[in-house]
Amino acid sequence: MRVSSFKSMFLLVGVLSVSAAASAADAKGPAGDPKAGKAIFENSCLLCHGATGKGDGPAAAAFNPKPMAFGDAAKMSKISDETRVKAVTEGGASVGASPLMPAFKDTLSKQQILDVLAYIRKTFGH
Ligand code: HEC
């Protein structure tokens, strides 16, 4: 009896420390590398979203609505990390944004998508 309650106590401590580690990882947001994301941004996003976070890249004039302005705190603060990943993976229409936001699931890996989103957050602040 004593031995088995000691065992279950030990198990409980193990489970608690695993879940504490998991929530610490969540708090950091998606695991992207902003350094790796820079070139991806320049190659795949800048044309529409622009270099300055205003949604005014060389191709943006033709768009209505305009590509998301990543520097716009009011807009970006409403878009969760999950929604950002989904928008880039499956395209704007999948999250209720413009279908002119392309899907990158065939051109970028999951890690590259996390990297470019980390770069955007770091560079434009939101
Ligand atoms: C062909 C032009 C184009 C390219 C290239 C493009 N986007 Fe977009 N993006 C858009 C448009 C248009 C919107 C929609 C704005 C809206 O609906 O208000 C958008 C919206 C977004 C949003 C916001 C989605 C939401 O939930 O509202 C994110 C995040 C985003 N783009 C990320 C990216 C990333 C990252 C890349 C590069 C990997 C990229 N985009 C490349 C045009 C583009």
# chains A, B, ... in the order shown; residues from 1 in each chain; ligands from 1

call {"tool": "residues_near_ligand", "arguments": {"ligand": "ligand 1", "cutoff": "9 Å", "atoms": "only C-alpha atoms and all ligand atoms", "output": "MDAnalysis selection string"}}
result
chainID A and resid 40:49 55 57 59:60 63:70 75:76 78:81 83:89 91:104 108 112:114 116:117 119:120

call {"tool": "select_by_dssp", "arguments": {"residues": "stretch 28-92 of chain A", "states": "helix (DSSP H, G or I)", "output": "ChimeraX atom specification"}}
result
/A:34-44,46-49,60-62,73-76,81-90,92

call {"tool": "write_last_selection", "arguments": {"atoms": "C-alpha atoms", "output": "PDB file, in the first residue's frame"}}
result
ATOM      1  CA  PRO A  34      13.552  35.123 -37.766  1.00  0.00           C
ATOM      2  CA  LYS A  35      17.035  35.015 -39.335  1.00  0.00           C
ATOM      3  CA  ALA A  36      16.031  32.140 -41.583  1.00  0.00           C
ATOM      4  CA  GLY A  37      12.745  33.920 -42.340  1.00  0.00           C
ATOM      5  CA  LYS A  38      14.332  37.035 -43.843  1.00  0.00           C
ATOM      6  CA  ALA A  39      15.199  35.538 -47.237  1.00  0.00           C
ATOM      7  CA  ILE A  40      11.824  33.778 -47.375  1.00  0.00           C
ATOM      8  CA  PHE A  41      10.088  37.092 -46.773  1.00  0.00           C
ATOM      9  CA  GLU A  42      12.114  38.828 -49.462  1.00  0.00           C
ATOM     10  CA  ASN A  43      11.506  36.059 -52.005  1.00  0.00           C
ATOM     11  CA  SER A  44       7.877  35.189 -51.307  1.00  0.00           C
ATOM     12  CA  LEU A  46       7.739  41.348 -50.173  1.00  0.00           C
ATOM     13  CA  LEU A  47       6.276  41.721 -53.664  1.00  0.00           C
ATOM     14  CA  CYS A  48       2.820  42.162 -52.169  1.00  0.00           C
ATOM     15  CA  HIS A  49       3.335  42.987 -48.492  1.00  0.00           C
ATOM     16  CA  ALA A  60       0.083  45.841 -54.084  1.00  0.00           C
ATOM     17  CA  ALA A  61      -1.541  48.602 -56.153  1.00  0.00           C
ATOM     18  CA  ALA A  62      -3.547  45.988 -58.056  1.00  0.00           C
ATOM     19  CA  ALA A  73      -0.817  46.954 -34.694  1.00  0.00           C
ATOM     20  CA  ALA A  74      -4.607  47.259 -34.600  1.00  0.00           C
ATOM     21  CA  LYS A  75      -5.038  44.739 -37.401  1.00  0.00           C
ATOM     22  CA  MET A  76      -2.202  42.367 -36.573  1.00  0.00           C
ATOM     23  CA  ASP A  81      -0.371  32.876 -34.559  1.00  0.00           C
ATOM     24  CA  GLU A  82      -2.562  29.922 -35.524  1.00  0.00           C
ATOM     25  CA  THR A  83      -4.518  32.013 -38.016  1.00  0.00           C
ATOM     26  CA  ARG A  84      -1.301  33.407 -39.491  1.00  0.00           C
ATOM     27  CA  VAL A  85       0.080  29.901 -40.017  1.00  0.00           C
ATOM     28  CA  LYS A  86      -3.193  28.801 -41.604  1.00  0.00           C
ATOM     29  CA  ALA A  87      -3.409  31.860 -43.869  1.00  0.00           C
ATOM     30  CA  VAL A  88       0.107  31.297 -45.200  1.00  0.00           C
ATOM     31  CA  THR A  89      -0.275  27.516 -45.472  1.00  0.00           C
ATOM     32  CA  GLU A  90      -3.736  27.320 -47.013  1.00  0.00           C
ATOM     33  CA  GLY A  92      -6.240  33.895 -47.337  1.00  0.00           C
TER      34      GLY A  92
END

call {"tool": "atom_distance", "arguments": {"atom1": "atom CA of A:Gly125", "atom2": "atom CA of A:Pro58"}}
result
21.9 Å

call {"tool": "closest_residue", "arguments": {"among": "A:Gly71, A:Lys105, A:Asp33, A:Ala118", "to": "A:Gly50", "atoms": "only C-alpha atoms"}}
result
A:Gly71

call {"tool": "atom_distance", "arguments": {"atom1": "atom CA of A:Lys110", "atom2": "atom CA of A:Ala31"}}
result
10.5 Å
